Each structure stands twice: as structure tokens, then as C-alpha cells.
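Engineer: Okay, so here is protein_31.txt, and as you'll see once you scroll down, it has compact mmCIF, C-alpha atoms.
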# COMPACT_ATOMS: atom_id res chain seq x y z
CA MET R 718 -62.28 60.81 -12.90
CA LEU R 719 -59.97 61.17 -15.88
CA THR R 720 -61.52 62.54 -19.05
CA LEU R 721 -60.42 61.85 -22.60
CA ILE R 722 -59.24 65.44 -23.17
CA GLU R 723 -57.22 65.46 -19.93
CA ALA R 724 -55.63 62.12 -20.77
CA ARG R 725 -54.70 63.31 -24.27
CA ASP R 726 -53.18 66.54 -22.91
CA ILE R 727 -51.17 64.67 -20.26
CA ALA R 728 -49.97 62.14 -22.84
CA ASN R 729 -48.85 64.93 -25.20
CA VAL R 730 -46.87 66.57 -22.39
CA TRP R 731 -45.21 63.40 -21.02
CA ARG R 732 -44.58 61.37 -24.21
CA PRO R 733 -41.50 63.42 -25.31
CA LYS R 734 -39.97 63.22 -21.82
CA PHE R 735 -39.48 59.43 -22.07
CA ALA R 736 -36.36 57.99 -23.71
CA ASP R 737 -38.42 56.02 -26.24
CA GLU R 738 -42.02 55.52 -27.25
CA ALA R 739 -42.17 51.93 -25.95
CA ALA R 740 -41.30 52.99 -22.40
CA PHE R 741 -44.10 55.56 -22.42
CA GLU R 742 -46.59 53.05 -23.83
CA THR R 743 -45.62 50.50 -21.18
CA SER R 744 -46.03 53.02 -18.37
CA TRP R 745 -49.35 54.25 -19.78
CA SER R 746 -50.71 50.70 -20.15
CA ARG R 747 -49.61 49.72 -16.64
CA TYR R 748 -51.38 52.77 -15.19
CA MET R 749 -54.59 52.07 -17.09
CA ASP R 750 -54.57 48.40 -16.06
CA MET R 751 -53.55 48.76 -12.42
CA VAL R 752 -55.15 51.99 -11.16
CA LYS R 753 -58.90 51.82 -10.68
CA ASP R 754 -59.55 55.38 -9.48
CA GLN R 755 -57.89 57.31 -12.30
CA SER R 756 -57.36 61.04 -11.87
CA PRO R 757 -55.15 63.59 -13.63
CA GLY R 758 -53.01 64.03 -10.50
CA SER R 759 -52.36 60.32 -10.01
CA LEU R 760 -51.60 59.86 -13.73
CA VAL R 761 -49.05 62.70 -13.66
CA ALA R 762 -47.43 61.28 -10.49
CA TRP R 763 -47.32 57.80 -12.08
CA LEU R 764 -45.77 59.09 -15.30
CA GLU R 765 -43.28 61.24 -13.37
CA THR R 766 -42.06 58.23 -11.36
CA ASP R 767 -41.81 56.02 -14.44
CA GLN R 768 -40.05 58.78 -16.42
CA GLN R 769 -37.40 59.08 -13.69
CA ARG R 770 -36.82 55.32 -13.82
CA ASP R 771 -36.68 55.46 -17.60
CA ALA R 772 -34.10 58.25 -17.48
CA ILE R 773 -31.90 56.14 -15.20
CA ARG R 774 -32.27 53.12 -17.50
CA ALA R 775 -31.46 55.23 -20.54
CA ALA R 776 -28.30 56.49 -18.79
CA GLY R 777 -27.13 52.89 -18.53
CA ILE R 778 -26.90 52.79 -14.76
CA VAL R 779 -29.12 49.79 -14.08
CA HIS R 780 -27.77 47.41 -16.67
CA GLU R 781 -26.35 44.37 -14.92
CA PRO R 782 -23.19 42.82 -16.28
CA THR R 783 -23.75 39.82 -18.45
CA LEU R 784 -21.64 36.77 -17.81
CA PRO R 785 -20.51 34.48 -20.59
CA VAL R 786 -22.64 31.38 -20.89
CA ARG R 787 -20.08 29.34 -22.77
CA GLN R 788 -16.34 29.72 -23.17
CA SER R 789 -14.40 28.93 -26.28
CA SER R 790 -11.95 26.05 -26.33
CA GLU R 791 -9.13 28.54 -26.97
CA LEU R 792 -9.96 30.39 -23.76
CA ASP R 793 -10.13 27.10 -21.86
CA ALA R 794 -6.69 26.18 -23.23
CA LYS R 795 -5.26 29.57 -22.18
CA ILE R 796 -6.69 29.22 -18.68
CA GLN R 797 -5.32 25.69 -18.34
CA ALA R 798 -1.90 26.81 -19.58
CA ALA R 799 -1.87 29.63 -17.02
CA LEU R 800 -2.80 27.18 -14.26
CA ASP R 801 -0.10 24.74 -15.34
CA ALA R 802 2.54 27.50 -15.54
CA ARG R 803 2.00 28.90 -12.06
CA VAL R 804 4.58 28.08 -9.46
CA GLU R 805 3.42 26.19 -6.41
CA PRO R 806 4.35 27.98 -3.19
CA ARG R 807 6.96 26.38 -1.00
CA HIS R 808 6.05 25.98 2.66
CA ASP R 809 8.66 26.10 5.36
CA CYS R 810 8.76 24.01 8.51
CA TRP R 811 7.78 25.88 11.65
CA LYS R 812 10.29 23.91 13.68
CA CYS R 813 13.54 24.09 11.67
CA GLY R 814 12.76 26.65 8.94
CA LYS R 815 13.68 24.38 6.01
CA PHE R 816 11.27 23.91 3.15
CA GLU R 817 8.95 20.92 3.04
CA ASP R 818 10.61 19.50 -0.08
CA GLU R 819 14.04 19.50 1.59
CA PRO R 820 15.15 16.66 3.87
CA ALA R 821 14.67 17.34 7.55
CA GLY R 822 17.72 18.43 9.48
CA GLU R 823 19.03 16.53 12.47
CA LYS R 824 17.71 19.17 14.87
CA CYS R 825 14.18 19.18 13.43
CA SER R 826 11.71 17.67 15.89
CA ASN R 827 9.10 17.37 13.15
CA PRO R 828 10.82 15.23 10.47
CA ARG R 829 7.63 13.56 9.22
CA TRP R 830 6.40 16.87 7.86
CA HIS R 831 9.25 17.10 5.37
CA LEU R 832 8.98 15.38 1.99
CA PRO R 833 9.47 12.54 1.15
CA ASN R 834 9.31 11.54 4.81
CA VAL R 835 5.64 12.50 5.02
CA ASN R 836 4.53 9.26 3.33
CA ALA R 837 6.91 7.00 5.23
CA PRO R 838 5.50 4.80 7.98
CA ARG R 839 5.85 6.14 11.47
CA LEU R 840 9.05 5.13 13.19
CA GLU R 841 8.56 3.28 16.45
CA ALA R 842 11.02 3.42 19.28
CA PRO R 843 12.71 0.15 20.22
CA PRO R 844 11.18 -1.67 23.20
CA GLY R 845 12.26 -0.14 26.48
CA TRP R 846 12.85 3.34 25.08
CA LYS R 847 10.79 6.23 26.29
CA HIS R 848 9.46 8.80 23.88
CA VAL R 849 10.96 12.22 24.52
CA ALA R 850 9.32 15.06 22.66
Take the structure in this file and express it as C-alpha cells.

Structural biologist:
Amino acid sequence: MLTLIEARDIANVWRPKFADEAAFETSWSRYMDMVKDQSPGSLVAWLETDQQRDAIRAAGIVHEPTLPVRQSSELDAKIQAALDARVEPRHDCWKCGKFEDEPAGEKCSNPRWHLPNVNAPRLEAPPGWKHVA
């Protein structure tokens, strides 16, 4: 069982080791509330563990990055301007090698892929013709 004198001595030893008084008080209160069989050894082990965590927190290692909740209208305008200014990539035809925005060549077997032919209705062969692909 933990006596008053032992608790005071342990508190005087461990209080300066914490980064701030509030961290020590929180650790001390959690120990007193959670541990039913209080002994000097378990209190020292508890404070040692919490002091190590407090040292890491004080070093700034465990702080998670904070993300902006709201953006300013100026930032939105800059982002939109950057999106509008970017150049769309040009895709080339895998059959003839010309770009999609260029008219299909005579040798291209995939003319519907080229613009503006992509939106044109499909050409049908005259009756009697066989489709050769």
C-alpha cells in the first residue's frame, strides 16, 4: 500500500522530469483513479512510462499535421487558374500514330477514333459489300 510520505517523495522526484506541470498532474490523477492496488513500485513504473510519452510529445514527434478546414477565395481562384492553364495531353492513335485531334489518314483502320470523326454516325457498307477488317 502506498503511504502519504512515499507518494510525496515520489511526486517530488518525478514532477521535474515532466515537460510541464499539467502532464504530471494528468498522469498522477489517472494513476490514482485507475489503479486499485497502489504501491510505490507500480507508481514509479506508471510515472516512468508516462514521462517517456511526455518527452516524445514535448519533442514534437507525435503532432499530426493539421489540414485546412476552409480555403480562401484567393486560393480557390489560384487553383482554378492553374487547372485552366494546364495543357491537355494529346493521345496518338495506336493504328496510324497520328494524334486524335488530327484527321485520320487513308491507311488508318481506326478512323472513328480520330476527332471529329468520333461523334459521326457509323458508316455502313453498301448492300452486297462484305466488311473486311

Engineer: Residues at most 12 Å from range 730-734 of chain R, counting all atoms listed in the file, excluding those fewer than 5 positions away in the same chain, as a list in words?

Structural biologist: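 Residues near the query, excluding close chain neighbours: Glu723, Ala724, Arg725, Ala739, Ala740, Phe741, Glu742, Thr743, Ser744, Trp745, Leu760, Val761, Ala762, Trp763, Leu764, Glu765, Thr766, Asp767, Gln768, Gln769, Arg770, Asp771, Ala772 and Ala775 of chain R.
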
Engineer: Can you tell me, as AutoDock Vina command-line options, the centre and edge lengths (Å, one decimal) of the axis-aligned box enclosing all of range 842-845 of chain R's listed atoms after padding each side by 3 Å?

Structural biologist:
--center_x 11.9 --center_y 0.9 --center_z 22.9 --size_x 7.7 --size_y 11.1 --size_z 13.2

Engineer: Tell me, in Å to one decimal, how far CA of Gly822 in chain R is from CA of Ala842 in chain R.

Structural biologist: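 A separation of 19.1 Å between them.
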
Engineer: Need to verify the contact set: Asn827 in chain R, 9 Å, only C-alpha atoms, exclusion of same-chain residues closer than 3 positions in sequence. Can you return it as a PyMOL selection string?

Structural biologist: chain R and resi 810-813+821+824+830-831

Engineer: List the neighbours of Asp754 in chain R out to 9 Å using all atoms listed in the file; skip same-chain residues closer than 2 positions along the sequence, and give me the result as a PyMOL selection string.

Structural biologist: chain R and resi 718-719+752+756+759

Engineer: Please compute the CA of Pro820 in chain R-CA of Gly845 in chain R distance, one decimal, in Å.

Structural biologist: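 Computing it gives 28.3 Å between the two atoms.
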
Engineer: Record the distance separating CA of Asp737 in chain R and CA of Arg774 in chain R, expressed in Å with one decimal.

Structural biologist: 11.1 Å

Engineer: Within 9 Å of (10.8, 16.9, 3.3) in the file's own coordinates, which protein, DNA or RNA residues have an atom, counting only C-alpha atoms? List them as a VMD selection string.

Structural biologist: chain R and resid 815 to 821 828 to 835

Engineer: Just checking: using all atoms listed in the file, which residue out of R:Ile773, R:Ala794, R:Arg803, R:Thr783 ends up closest to Phe735 in chain R?

Structural biologist: R:Ile773

Engineer: Calculated over all atoms listed in the file, which of the candidates R:Pro757, R:Pro844, R:Ala736, R:Glu823 has the smallest distance to Ile722 in chain R?

Structural biologist: R:Pro757
